[in-house]
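**Student:** My structure is stored as structure29.cif, with mmCIF, C-alpha atoms.
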```cif
data_coords
loop_
_atom_site.label_atom_id
_atom_site.label_comp_id
_atom_site.auth_asym_id
_atom_site.auth_seq_id
_atom_site.Cartn_x
_atom_site.Cartn_y
_atom_site.Cartn_z
CA MET N 23 -15.98 7.66 -70.95
CA LYS N 24 -15.44 8.17 -67.26
CA VAL N 25 -12.28 10.06 -66.40
CA GLU N 26 -10.78 11.16 -63.12
CA VAL N 27 -8.36 14.05 -63.32
CA LYS N 28 -6.81 15.75 -60.33
CA VAL N 29 -6.87 19.48 -61.04
CA ASN N 30 -5.14 21.80 -58.58
CA GLY N 31 -5.28 19.01 -55.98
CA VAL N 32 -9.02 18.36 -56.40
CA ALA N 33 -10.24 15.14 -58.05
CA TYR N 34 -12.78 15.75 -60.82
CA THR N 35 -14.67 12.67 -62.01
CA ARG N 36 -16.62 13.34 -65.18
CA ASP N 37 -18.18 11.44 -68.07
CA VAL N 38 -16.73 12.83 -71.31
CA GLU N 39 -16.68 12.03 -75.00
CA PRO N 40 -13.21 10.88 -76.12
CA ARG N 41 -13.07 13.89 -78.46
CA THR N 42 -13.35 16.35 -75.57
CA LEU N 43 -10.14 18.36 -75.51
CA LEU N 44 -8.49 18.95 -72.17
CA ALA N 45 -8.87 22.74 -72.46
CA TYR N 46 -12.67 22.39 -72.83
CA PHE N 47 -12.80 19.76 -70.08
CA LEU N 48 -11.13 22.23 -67.71
CA ARG N 49 -13.32 25.16 -68.75
CA GLU N 50 -16.71 23.52 -69.25
CA ASP N 51 -16.67 20.31 -67.21
CA CYS N 52 -14.63 21.59 -64.26
CA GLY N 53 -15.71 25.24 -64.49
CA LEU N 54 -12.10 26.43 -64.42
CA THR N 55 -12.15 29.19 -67.03
CA GLY N 56 -8.70 30.54 -66.20
CA THR N 57 -7.29 28.30 -68.93
CA HIS N 58 -7.84 30.25 -72.14
CA VAL N 59 -8.30 29.02 -75.68
CA GLY N 60 -6.61 31.19 -78.31
CA CYS N 61 -5.71 29.64 -81.64
CA ASP N 62 -7.13 26.21 -80.72
CA THR N 63 -4.39 24.50 -82.77
CA SER N 64 -1.26 24.54 -80.56
CA SER N 65 0.31 27.68 -82.04
CA CYS N 66 -0.35 30.36 -79.41
CA GLY N 67 0.18 28.86 -75.94
CA CYS N 68 -2.82 30.53 -74.22
CA CYS N 69 -4.07 27.10 -73.11
CA VAL N 70 -0.85 25.83 -71.48
CA VAL N 71 -1.29 23.92 -68.22
CA VAL N 72 1.19 21.80 -66.28
CA MET N 73 0.84 18.02 -66.16
CA ASP N 74 2.29 15.88 -63.37
CA GLY N 75 4.28 18.65 -61.74
CA SER N 76 6.73 19.92 -64.33
CA ARG N 77 5.60 19.26 -67.90
CA ALA N 78 3.98 22.14 -69.80
CA ILE N 79 1.33 21.02 -72.27
CA LYS N 80 -0.97 22.80 -74.70
CA SER N 81 -4.36 21.65 -73.40
CA CYS N 82 -6.07 22.39 -76.74
CA SER N 83 -4.03 19.58 -78.29
CA MET N 84 -4.58 16.82 -75.77
CA PHE N 85 -7.77 14.89 -75.12
CA ALA N 86 -9.24 14.85 -71.61
CA VAL N 87 -9.18 11.04 -71.69
CA GLN N 88 -5.38 11.25 -71.97
CA ALA N 89 -5.27 13.12 -68.66
CA ASP N 90 -7.22 10.36 -66.87
CA GLY N 91 -5.26 9.48 -63.73
CA HIS N 92 -2.93 12.47 -64.08
CA GLU N 93 -2.50 15.72 -62.16
CA ILE N 94 -3.07 19.06 -63.82
CA LEU N 95 -2.10 22.49 -62.53
CA THR N 96 -3.99 25.50 -63.92
CA VAL N 97 -3.68 29.20 -63.17
CA GLU N 98 -6.37 28.80 -60.48
CA GLY N 99 -4.00 26.53 -58.54
CA LEU N 100 -0.98 28.85 -58.46
CA ALA N 101 -1.84 31.03 -55.47
CA GLU N 102 -1.76 29.33 -52.07
CA GLY N 103 -3.72 30.52 -49.05
CA GLY N 104 -4.57 33.83 -50.72
CA LYS N 105 -0.90 34.55 -51.41
CA LEU N 106 0.10 35.02 -55.03
CA HIS N 107 2.67 32.61 -56.45
CA ALA N 108 6.08 34.21 -57.07
CA LEU N 109 5.33 34.20 -60.80
CA GLN N 110 2.00 35.97 -60.34
CA GLN N 111 3.70 38.52 -58.07
CA GLY N 112 6.41 38.98 -60.69
CA PHE N 113 3.84 39.63 -63.44
CA TRP N 114 2.08 42.10 -61.11
CA ASP N 115 5.25 43.95 -60.07
CA GLN N 116 6.82 44.07 -63.54
CA HIS N 117 3.62 44.88 -65.46
CA GLY N 118 3.95 41.56 -67.29
CA LEU N 119 0.49 41.83 -68.87
CA GLN N 120 -1.77 44.25 -70.63
CA CYS N 121 -5.03 42.59 -71.71
CA GLY N 122 -4.23 39.39 -69.80
CA TYR N 123 -5.46 36.91 -72.37
CA CYS N 124 -2.12 35.13 -72.80
CA THR N 125 -1.21 35.42 -69.13
CA PRO N 126 -2.41 32.04 -67.80
CA GLY N 127 -0.42 30.29 -70.52
CA MET N 128 2.62 32.49 -69.88
CA LEU N 129 2.42 31.72 -66.15
CA LEU N 130 2.11 27.95 -66.54
CA THR N 131 4.80 27.73 -69.24
CA SER N 132 7.07 29.74 -66.93
CA TYR N 133 6.13 27.52 -63.98
CA ALA N 134 7.32 24.41 -65.86
CA LEU N 135 10.39 26.28 -67.13
CA LEU N 136 11.43 27.19 -63.57
CA LYS N 137 10.81 23.62 -62.40
CA GLN N 138 13.13 22.38 -65.15
CA HIS N 139 15.65 25.28 -64.95
CA PRO N 140 15.43 27.01 -61.56
CA ASN N 141 18.01 29.62 -62.56
CA PRO N 142 17.46 30.36 -66.26
CA SER N 143 19.39 32.97 -68.24
CA GLU N 144 17.44 35.68 -70.05
CA ALA N 145 18.04 33.78 -73.30
CA GLU N 146 16.65 30.59 -71.77
CA ILE N 147 13.53 32.43 -70.60
CA ARG N 148 12.97 33.94 -74.05
CA GLU N 149 13.54 30.53 -75.67
CA GLY N 150 11.30 28.79 -73.12
CA LEU N 151 8.44 31.23 -73.81
CA SER N 152 8.87 31.22 -77.59
CA GLY N 153 5.78 29.00 -78.04
CA ASN N 154 3.57 31.55 -76.25
CA LEU N 155 2.27 34.55 -78.15
CA CYS N 156 1.37 37.90 -76.59
CA ARG N 157 -0.52 40.19 -78.96
CA CYS N 158 -0.03 43.22 -76.68
CA THR N 159 3.74 42.90 -77.35
CA GLY N 160 4.50 42.71 -73.67
CA TYR N 161 7.43 40.32 -73.91
CA GLN N 162 10.03 42.58 -72.27
CA ASN N 163 8.10 42.84 -69.03
CA ILE N 164 7.11 39.16 -69.15
CA VAL N 165 10.80 38.24 -69.22
CA LYS N 166 11.48 40.60 -66.30
CA ALA N 167 8.57 39.03 -64.38
CA VAL N 168 9.98 35.52 -64.83
CA GLN N 169 13.44 36.75 -63.80
CA GLN N 170 11.98 38.27 -60.63
CA ALA N 171 10.11 35.05 -59.84
CA ALA N 172 13.24 32.92 -60.41
CA GLY N 173 15.10 35.17 -58.00
CA SER N 174 12.45 35.09 -55.29
CA LEU N 175 11.91 31.32 -55.61
CA ALA N 176 15.67 30.84 -55.20
CA GLN N 177 15.56 32.81 -51.93
CA PRO N 178 12.32 31.81 -50.21
CA ALA N 179 13.24 33.64 -47.01
CA ALA N 180 13.64 36.95 -48.82
CA ALA N 181 10.35 36.49 -50.68
CA ASN N 182 8.46 36.25 -47.40
CA THR N 183 9.70 39.54 -45.99
CA MET Q 375 -13.19 22.99 -84.25
CA ILE Q 376 -13.92 19.81 -82.38
CA PRO Q 377 -12.74 16.54 -83.94
CA ALA Q 378 -15.23 14.04 -85.31
CA ALA Q 379 -16.26 11.41 -82.78
CA PHE Q 380 -13.99 8.40 -82.35
CA ASP Q 381 -13.46 5.48 -80.00
CA TYR Q 382 -10.52 5.70 -77.64
CA VAL Q 383 -8.53 2.78 -76.30
CA ARG Q 384 -5.52 3.02 -74.03
CA ALA Q 385 -3.03 0.23 -74.64
CA HIS Q 386 -1.06 -1.13 -71.68
CA THR Q 387 1.37 -3.31 -73.64
CA THR Q 388 2.79 -3.19 -77.16
CA ASP Q 389 1.05 -6.48 -77.98
CA GLU Q 390 -2.26 -5.01 -76.86
CA ALA Q 391 -1.70 -1.91 -79.01
CA ILE Q 392 -0.95 -4.06 -82.07
CA ALA Q 393 -4.01 -6.24 -81.37
CA HIS Q 394 -6.20 -3.11 -81.38
CA LEU Q 395 -4.58 -1.88 -84.60
CA GLN Q 396 -5.15 -5.25 -86.27
CA ARG Q 397 -8.77 -5.39 -85.17
CA HIS Q 398 -9.54 -1.94 -86.59
CA GLY Q 399 -7.21 -1.84 -89.62
CA ALA Q 400 -7.18 1.38 -91.63
CA GLU Q 401 -9.82 2.93 -89.34
CA ALA Q 402 -7.34 3.12 -86.45
CA ARG Q 403 -4.50 5.52 -85.74
CA VAL Q 404 -1.81 5.43 -83.07
CA LEU Q 405 -1.93 8.35 -80.63
CA ALA Q 406 1.57 9.17 -79.38
CA GLY Q 407 2.30 12.87 -78.77
CA GLY Q 408 -0.66 13.88 -80.92
CA GLN Q 409 0.85 17.28 -81.69
CA SER Q 410 0.25 16.85 -85.43
CA LEU Q 411 -2.58 14.30 -85.33
CA ILE Q 412 -4.88 16.22 -82.98
CA PRO Q 413 -4.73 19.52 -84.91
CA ALA Q 414 -5.26 17.49 -88.13
CA MET Q 415 -8.33 15.87 -86.55
CA ARG Q 416 -9.62 19.28 -85.52
CA PHE Q 417 -9.35 20.50 -89.12
CA ARG Q 418 -10.98 17.19 -90.19
CA LEU Q 419 -7.92 16.46 -92.30
CA ALA Q 420 -7.81 13.20 -90.34
CA ARG Q 421 -10.90 11.27 -89.22
CA PRO Q 422 -9.78 8.05 -87.55
CA ALA Q 423 -12.62 5.98 -86.08
CA VAL Q 424 -10.36 4.61 -83.35
CA LEU Q 425 -7.39 6.08 -81.53
CA VAL Q 426 -4.99 3.67 -79.85
CA ASP Q 427 -3.21 5.65 -77.12
CA ILE Q 428 0.32 4.32 -76.56
CA ASN Q 429 1.36 6.91 -73.97
CA SER Q 430 1.20 4.34 -71.15
CA LEU Q 431 3.69 2.00 -72.85
CA SER Q 432 6.67 2.66 -70.61
CA GLU Q 433 8.70 0.10 -72.58
CA LEU Q 434 8.67 2.61 -75.48
CA SER Q 435 9.59 5.68 -73.40
CA HIS Q 436 13.35 5.08 -73.29
CA MET Q 437 16.35 6.10 -75.29
CA ARG Q 438 19.10 3.49 -75.32
CA LEU Q 439 22.62 4.19 -76.51
CA ASN Q 440 24.44 0.94 -77.42
CA GLN Q 441 25.59 -0.08 -80.90
CA VAL Q 442 22.85 2.23 -82.13
CA LEU Q 443 20.83 5.01 -80.54
CA THR Q 444 17.33 3.61 -80.06
CA VAL Q 445 14.56 6.18 -79.62
CA GLY Q 446 11.31 4.59 -78.43
CA ALA Q 447 7.91 5.57 -79.83
CA ILE Q 448 6.94 7.82 -76.92
CA VAL Q 449 10.31 9.50 -76.34
CA ARG Q 450 9.51 13.23 -76.41
CA ASP Q 451 11.43 15.73 -78.50
CA SER Q 452 12.49 17.40 -75.25
CA ASP Q 453 14.02 14.13 -73.99
CA ILE Q 454 16.54 14.33 -76.84
CA GLU Q 455 17.44 17.91 -75.94
CA ARG Q 456 18.14 16.82 -72.35
CA ALA Q 457 20.12 13.63 -73.03
CA PRO Q 458 23.45 13.73 -71.13
CA TRP Q 459 25.52 12.85 -74.22
CA ILE Q 460 23.76 15.21 -76.65
CA GLY Q 461 26.50 17.86 -76.40
CA GLU Q 462 29.09 15.62 -78.13
CA SER Q 463 29.79 16.91 -81.62
CA ARG Q 464 29.02 13.49 -83.16
CA TRP Q 465 25.37 14.11 -82.20
CA SER Q 466 25.30 17.73 -83.38
CA LEU Q 467 22.78 17.12 -86.19
CA ILE Q 468 20.25 15.56 -83.81
CA HIS Q 469 21.04 18.14 -81.14
CA ASP Q 470 20.51 21.07 -83.51
CA ALA Q 471 17.19 19.68 -84.70
CA SER Q 472 15.96 18.92 -81.18
CA ARG Q 473 16.13 22.63 -80.41
CA VAL Q 474 14.09 23.86 -83.38
CA VAL Q 475 11.28 21.30 -83.76
CA ALA Q 476 7.92 23.09 -83.24
CA ASP Q 477 8.20 25.14 -80.00
CA PRO Q 478 9.48 24.34 -76.49
CA VAL Q 479 6.04 23.45 -75.09
CA VAL Q 480 5.05 21.25 -78.03
CA ARG Q 481 8.43 19.49 -77.73
CA GLN Q 482 7.48 18.32 -74.22
CA THR Q 483 4.73 16.19 -75.77
CA GLY Q 484 5.63 15.64 -79.45
CA THR Q 485 7.64 12.53 -80.30
CA VAL Q 486 10.44 11.74 -82.75
CA VAL Q 487 8.88 8.50 -83.99
CA GLY Q 488 5.46 10.12 -84.30
CA SER Q 489 6.97 12.80 -86.49
CA LEU Q 490 8.56 10.14 -88.72
CA CYS Q 491 5.20 8.34 -89.01
CA HIS Q 492 3.34 11.58 -89.75
CA ASN Q 493 5.83 12.30 -92.58
CA ASP Q 494 4.93 15.92 -93.11
CA PRO Q 495 6.64 17.38 -96.20
CA ALA Q 496 8.11 20.09 -93.94
CA GLY Q 497 9.01 17.79 -91.04
CA ASP Q 498 12.31 18.07 -89.20
CA TRP Q 499 12.96 14.53 -87.91
CA THR Q 500 12.33 12.91 -91.29
CA THR Q 501 15.07 15.09 -92.79
CA VAL Q 502 17.44 14.36 -89.90
CA ALA Q 503 16.71 10.63 -90.18
CA LEU Q 504 17.67 10.67 -93.87
CA ALA Q 505 20.96 12.50 -93.32
CA SER Q 506 21.90 10.26 -90.39
CA ARG Q 507 20.70 7.06 -92.11
CA ALA Q 508 18.24 5.96 -89.47
CA THR Q 509 16.15 2.78 -89.46
CA VAL Q 510 12.57 2.48 -88.22
CA VAL Q 511 11.56 -0.63 -86.29
CA VAL Q 512 8.00 -1.64 -87.16
CA ARG Q 513 6.03 -4.50 -85.62
CA GLY Q 514 2.88 -6.22 -86.80
CA LYS Q 515 1.29 -9.62 -86.76
CA ALA Q 516 4.01 -11.12 -88.96
CA GLY Q 517 6.79 -9.96 -86.65
CA THR Q 518 9.27 -7.12 -86.57
CA ARG Q 519 10.64 -5.33 -89.64
CA ARG Q 520 13.62 -2.96 -89.73
CA ILE Q 521 12.98 -0.44 -92.48
CA PRO Q 522 15.72 1.91 -93.74
CA ILE Q 523 14.45 5.48 -93.65
CA ASP Q 524 14.71 5.85 -97.46
CA GLU Q 525 12.14 3.06 -97.86
CA PHE Q 526 10.11 4.13 -94.82
CA LEU Q 527 9.23 7.58 -96.22
CA VAL Q 528 6.85 6.78 -99.07
CA ASP Q 529 5.03 10.02 -99.91
CA SER Q 530 3.43 13.03 -98.21
CA PHE Q 531 1.87 11.79 -94.94
CA ALA Q 532 2.47 8.17 -96.07
CA THR Q 533 5.00 5.66 -94.75
CA ALA Q 534 5.81 1.97 -95.07
CA VAL Q 535 3.89 1.21 -91.86
CA GLY Q 536 1.08 -1.10 -92.97
CA GLU Q 537 -2.39 -1.72 -91.58
CA GLY Q 538 -2.24 -3.38 -88.19
CA GLU Q 539 1.42 -2.39 -87.75
CA MET Q 540 3.05 0.18 -85.52
CA ALA Q 541 6.47 1.84 -85.35
CA LEU Q 542 8.17 0.88 -82.09
CA SER Q 543 11.35 2.91 -82.35
CA ALA Q 544 13.83 4.70 -84.56
CA GLU Q 545 17.46 3.58 -84.62
CA PHE Q 546 20.22 6.06 -85.37
CA PRO Q 547 23.73 4.72 -86.13
CA VAL Q 548 26.26 5.97 -83.56
CA PRO Q 549 28.59 8.31 -85.48
CA ASP Q 550 32.34 7.97 -84.88
CA ASP Q 551 34.28 10.79 -83.22
CA ARG Q 552 35.34 12.26 -86.59
CA THR Q 553 31.69 12.94 -87.43
CA ALA Q 554 29.69 16.13 -86.99
CA GLY Q 555 26.52 17.51 -88.48
CA SER Q 556 24.28 20.53 -88.58
CA TYR Q 557 20.58 21.29 -88.93
CA GLN Q 558 19.74 24.56 -90.62
CA LYS Q 559 16.14 25.77 -90.62
CA VAL Q 560 14.52 28.99 -91.73
CA GLU Q 561 11.06 29.57 -90.27
CA ARG Q 562 8.92 32.70 -90.11
CA LYS Q 563 8.37 32.30 -86.39
CA VAL Q 564 9.06 29.66 -83.75
CA GLY Q 565 6.62 26.81 -84.28
CA ASP Q 566 5.91 27.50 -87.94
CA PHE Q 567 6.68 24.90 -90.57
CA ALA Q 568 10.08 25.32 -92.20
CA THR Q 569 10.28 27.67 -95.16
CA ALA Q 570 13.29 25.49 -95.98
CA ALA Q 571 15.57 23.29 -93.89
CA ALA Q 572 18.66 21.18 -94.47
CA ALA Q 573 20.23 18.34 -92.48
CA VAL Q 574 23.88 17.47 -93.09
CA GLN Q 575 26.27 15.02 -91.47
CA VAL Q 576 29.92 14.56 -92.44
CA SER Q 577 32.48 11.91 -91.37
CA LEU Q 578 36.18 12.44 -92.08
CA ASN Q 579 39.00 9.99 -92.72
CA ALA Q 580 42.28 10.39 -90.81
CA ASP Q 581 43.76 12.13 -93.89
CA GLY Q 582 41.05 14.79 -93.81
CA THR Q 583 39.09 13.51 -96.80
CA ILE Q 584 35.33 12.93 -96.43
CA ARG Q 585 34.55 9.28 -95.65
CA ALA Q 586 30.74 9.60 -95.52
CA ALA Q 587 28.19 12.34 -96.04
CA GLY Q 588 24.47 12.71 -95.42
CA VAL Q 589 22.56 15.59 -97.00
CA ALA Q 590 18.77 15.96 -96.89
CA LEU Q 591 16.18 18.70 -97.39
CA SER Q 592 12.84 19.50 -95.80
CA ALA Q 593 9.99 21.42 -97.46
CA ALA Q 594 11.54 20.61 -100.82
CA GLY Q 595 9.12 18.03 -102.22
CA PRO Q 596 6.31 15.61 -101.29
CA CYS Q 597 8.40 14.48 -98.30
CA ALA Q 598 11.94 14.89 -97.00
CA VAL Q 599 14.44 14.19 -99.74
CA ARG Q 600 18.02 12.89 -99.78
CA VAL Q 601 20.38 14.90 -101.99
CA LYS Q 602 22.24 11.92 -103.42
CA GLU Q 603 24.20 14.04 -105.88
CA ALA Q 604 25.61 16.21 -103.07
CA GLU Q 605 26.57 13.11 -101.06
CA ARG Q 606 28.29 11.61 -104.14
CA LEU Q 607 30.22 14.83 -104.78
CA LEU Q 608 31.43 15.09 -101.17
CA VAL Q 609 32.61 11.53 -100.47
CA GLY Q 610 36.31 10.96 -101.07
CA GLN Q 611 37.11 14.66 -101.46
CA LYS Q 612 38.99 17.09 -99.25
CA PRO Q 613 36.67 19.84 -97.98
CA SER Q 614 36.95 23.09 -99.95
CA GLN Q 615 34.83 26.12 -100.79
CA GLU Q 616 34.36 24.82 -104.35
CA LEU Q 617 33.18 21.45 -103.06
CA ILE Q 618 30.66 23.07 -100.70
CA ARG Q 619 29.42 25.27 -103.54
CA ALA Q 620 28.93 22.24 -105.79
CA ALA Q 621 27.01 20.37 -103.06
CA SER Q 622 24.85 23.46 -102.44
CA ASN Q 623 24.06 23.75 -106.14
CA ALA Q 624 23.05 20.08 -106.27
CA ALA Q 625 20.64 20.68 -103.37
CA SER Q 626 19.20 23.78 -104.98
CA GLN Q 627 18.60 21.94 -108.24
CA LEU Q 628 16.96 18.93 -106.59
CA SER Q 629 14.68 21.02 -104.37
CA ALA Q 630 11.10 21.00 -105.67
CA PRO Q 631 9.20 23.18 -103.19
CA GLN Q 632 5.68 24.55 -103.45
CA GLU Q 633 5.00 28.26 -103.54
CA ASP Q 634 3.05 29.49 -100.51
CA LEU Q 635 2.97 32.45 -98.12
CA ARG Q 636 6.46 31.47 -96.93
CA GLY Q 637 8.03 32.16 -100.31
CA THR Q 638 8.23 31.55 -104.04
CA VAL Q 639 9.62 28.41 -105.63
CA ASP Q 640 12.76 30.27 -106.76
CA TYR Q 641 13.37 31.67 -103.29
CA LYS Q 642 12.95 28.30 -101.59
CA LYS Q 643 15.22 26.53 -104.10
CA HIS Q 644 17.88 29.18 -103.53
CA LEU Q 645 17.42 28.86 -99.77
CA ALA Q 646 17.84 25.07 -99.88
CA GLY Q 647 21.29 25.54 -101.42
CA VAL Q 648 22.26 28.27 -98.98
CA LEU Q 649 21.26 26.11 -96.00
CA VAL Q 650 23.19 23.06 -97.24
CA GLY Q 651 26.25 25.30 -97.62
CA ARG Q 652 25.85 26.74 -94.13
CA GLY Q 653 25.28 23.29 -92.70
CA LEU Q 654 28.41 21.84 -94.33
CA ARG Q 655 30.52 24.78 -93.13
CA GLN Q 656 29.20 24.45 -89.59
CA ALA Q 657 29.70 20.66 -89.51
CA LEU Q 658 33.28 21.09 -90.73
CA THR Q 659 33.94 23.85 -88.20
CA ARG Q 660 32.72 21.49 -85.49
CA LEU Q 661 35.34 19.01 -86.73
CA GLY Q 662 38.02 21.70 -86.54
CA VAL Q 663 38.27 22.03 -90.33
CA GLN Q 664 38.11 25.38 -92.11
CA ALA Q 665 36.97 24.75 -95.67
#
```
Taking this structure as input, can you express it in the form of structure tokens?
**Tutor:**
Amino acid sequence: MKVEVKVNGVAYTRDVEPRTLLAYFLREDCGLTGTHVGCDTSSCGCCVVVMDGSRAIKSCSMFAVQADGHEILTVEGLAEGGKLHALQQGFWDQHGLQCGYCTPGMLLTSYALLKQHPNPSEAEIREGLSGNLCRCTGYQNIVKAVQQAAGSLAQPAAANT
Amino acid sequence: MIPAAFDYVRAHTTDEAIAHLQRHGAEARVLAGGQSLIPAMRFRLARPAVLVDINSLSELSHMRLNQVLTVGAIVRDSDIERAPWIGESRWSLIHDASRVVADPVVRQTGTVVGSLCHNDPAGDWTTVALASRATVVVRGKAGTRRIPIDEFLVDSFATAVGEGEMALSAEFPVPDDRTAGSYQKVERKVGDFATAAAAVQVSLNADGTIRAAGVALSAAGPCAVRVKEAERLLVGQKPSQELIRAASNAASQLSAPQEDLRGTVDYKKHLAGVLVGRGLRQALTRLGVQA
């Protein structure tokens, strides 16, 4: 089946089998390997991407044909003009990762969380990330990273200085 | 784990979806949120030849609050959590459940009606639907049927939806303002199936006696189960510790769980009673009653 999916602002037109999962479409058909596959069954959150601006989805549990005509944001689309997104900067500054395997999913889940709740409490961040597993046990710094990003996104002028 | 090959059709109207389902019969499955169906297909526990995608059916994406609360077939779990009226105590059972189904990302795609149709023995919405006495609206060639939830849930992963039919919505009665509920779930981690869970809803008369009660258990049998004996004990009585204990015992006795890595049969039966007790106490506290 022919599908056209806009990924990070670029239209990808590909011929896929209906059973092709969105995570594999992104990695193998679009060559965007930043989206990771962990458990492959919607338990771990490594494969989270954002659909249509503010909805976090586990791309291992959605078919590529379902994304036909939709917009997807992956970790490759977060930085703009060589400048890290506030979330990426937060993860860098707060040491929000060790091995980095869960990080794309953490970033995109957090991206949708901040779109839905621009000023989340610590409890809301922990709750919002509770479907994303980090096997390096780096949750404390991940929470700090999201808090930093929420702060800098709320004050865009300060983030640019 | 890639699913077996299938044909995919995207329906643009409900009639079109039903036409596809009738053409393909038992070979076809409806694809709503897919958060249970797609993992099941990956494990080859499900092998539909045709998937009928209903995610474009905007007519089924709404919640309407009139004489009943109507939840359309592609309303996401997270839509419930964000409804403006969800904070009212009359909706506390549904509100509680909406915050513990699967995990926050899965809830942005998973649907209430899909969960009812999947009818997992450890499902959350099936249990809530029993305690709140929901009805499922099902349409097929012969027209529309309104099926009470007790008749809708047939067996593990089996419902009253027939070949060529599809569930359009779930209808929840609007509780009066002397009604509150509670959903109590024990899970090993966020997103795991319930080790045990209990849904309760209680309505009081003006004199403080219990006018109506809904009590149901998850992970306590082939599918969600209503604890009729607990409901019978509660109705007409004034809330008390003894009454809650008796209702809890009835739940514990009825519970017929399976032993697995989450616990033994004895532990899960005990837990079912504990959770019904906690749920009743919390519902009563929400109504300003200390039992």
**Student:** Step by step, work through what the PyMOL selection byres ((chain Q and resi 520) around 8) selects in the shown file, and finish by giving those residues as number ranges by chain.
**Tutor:** Q: 509-512, 518-519, 521-522
**Student:** Convert the output of the PyMOL selection byres ((chain Q and resi 650-659) around 8) on the shown file into explicit residues, formatted as a compact mmCIF listing (two decimals) with C-alpha atoms, in the frame of the given file.
**Tutor:**
```
# COMPACT_ATOMS: atom_id res chain seq x y z
CA ALA Q 554 29.69 16.13 -86.99
CA GLY Q 555 26.52 17.51 -88.48
CA SER Q 556 24.28 20.53 -88.58
CA TYR Q 557 20.58 21.29 -88.93
CA GLN Q 558 19.74 24.56 -90.62
CA ALA Q 572 18.66 21.18 -94.47
CA ALA Q 573 20.23 18.34 -92.48
CA VAL Q 574 23.88 17.47 -93.09
CA GLN Q 575 26.27 15.02 -91.47
CA VAL Q 576 29.92 14.56 -92.44
CA VAL Q 589 22.56 15.59 -97.00
CA ILE Q 618 30.66 23.07 -100.70
CA ARG Q 619 29.42 25.27 -103.54
CA ALA Q 621 27.01 20.37 -103.06
CA SER Q 622 24.85 23.46 -102.44
CA ALA Q 625 20.64 20.68 -103.37
CA ALA Q 646 17.84 25.07 -99.88
CA GLY Q 647 21.29 25.54 -101.42
CA VAL Q 648 22.26 28.27 -98.98
CA LEU Q 649 21.26 26.11 -96.00
CA ARG Q 660 32.72 21.49 -85.49
CA LEU Q 661 35.34 19.01 -86.73
CA GLY Q 662 38.02 21.70 -86.54
CA VAL Q 663 38.27 22.03 -90.33
CA GLN Q 664 38.11 25.38 -92.11
CA ALA Q 665 36.97 24.75 -95.67
```
**Student:** Translate the PyMOL selection byres ((chain Q) within 6 of (chain N)) into a concrete residue list for this structure, as a list in words.
**Tutor:**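 Selection result, ordered by chain and number: Ala379, Ile412, Pro413, Asp477, Pro478 and Val479 of chain Q.
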**Student:** Tell me which residues come within 12 Å of (-12.5, 34.5, -64.6), as a VMD selection string, counting only C-alpha atoms in the file's coordinates.
**Tutor:** chain N and resid 49 53 to 58 97 to 98 122 to 123 126
**Student:** At most 9 Å from (16.8, 14.3, -79.2), file frame, only C-alpha atoms: which residues, as a list in words?
**Tutor:**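 I get Val445, Val449, Arg450, Asp451, Ser452, Asp453, Ile454, Glu455, Arg456, Ala457, Ile460, Ile468, His469, Asp470, Ala471, Ser472, Arg473 and Val486 of chain Q for the residues within 9 Å of that point.
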**Student:** Quick one: of Q:Gln409, Q:Ser435, Q:Ser614, Q:Ser577, who's nearest to Gly484 in chain Q, counting all atoms listed in the file?
**Tutor:**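 Closest to Gly484 in chain Q of all the choices is Q:Gln409.
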**Student:** Taking into account all atoms listed in the file, which residue in the set Q:Ala598, Q:Ala508, Q:Ile523, Q:Ala414 is nearest to Val548 in chain Q?
**Tutor:**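 Distance minimum relative to Val548 in chain Q lands on Q:Ala508.
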**Student:** Can you measure CA of Cys52 in chain N to CA of Val32 in chain N for me? One decimal in Å is fine.
**Tutor:** 10.2 Å
**Student:** Give me, please, the distance in Å between CA of Gly99 in chain N and CA of Ala171 in chain N, quoted to one decimal.
**Tutor:**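 One can read the CA of Gly99 in chain N to CA of Ala171 in chain N distance as 16.5 Å.
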**Student:** Between CA of Leu608 in chain Q and CA of Ala587 in chain Q, what distance in Å does the model show, to one decimal?
**Tutor:** 6.7 Å
**Student:** Could you check which of Q:Ser629, Q:Asp566, Q:Ile584, Q:Ile392 is closest to Lys602 in chain Q, using all atoms listed in the file?
**Tutor:**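 Between Q:Ser629, Q:Asp566, Q:Ile584, Q:Ile392, the residue approaching Lys602 in chain Q most closely is Q:Ser629.
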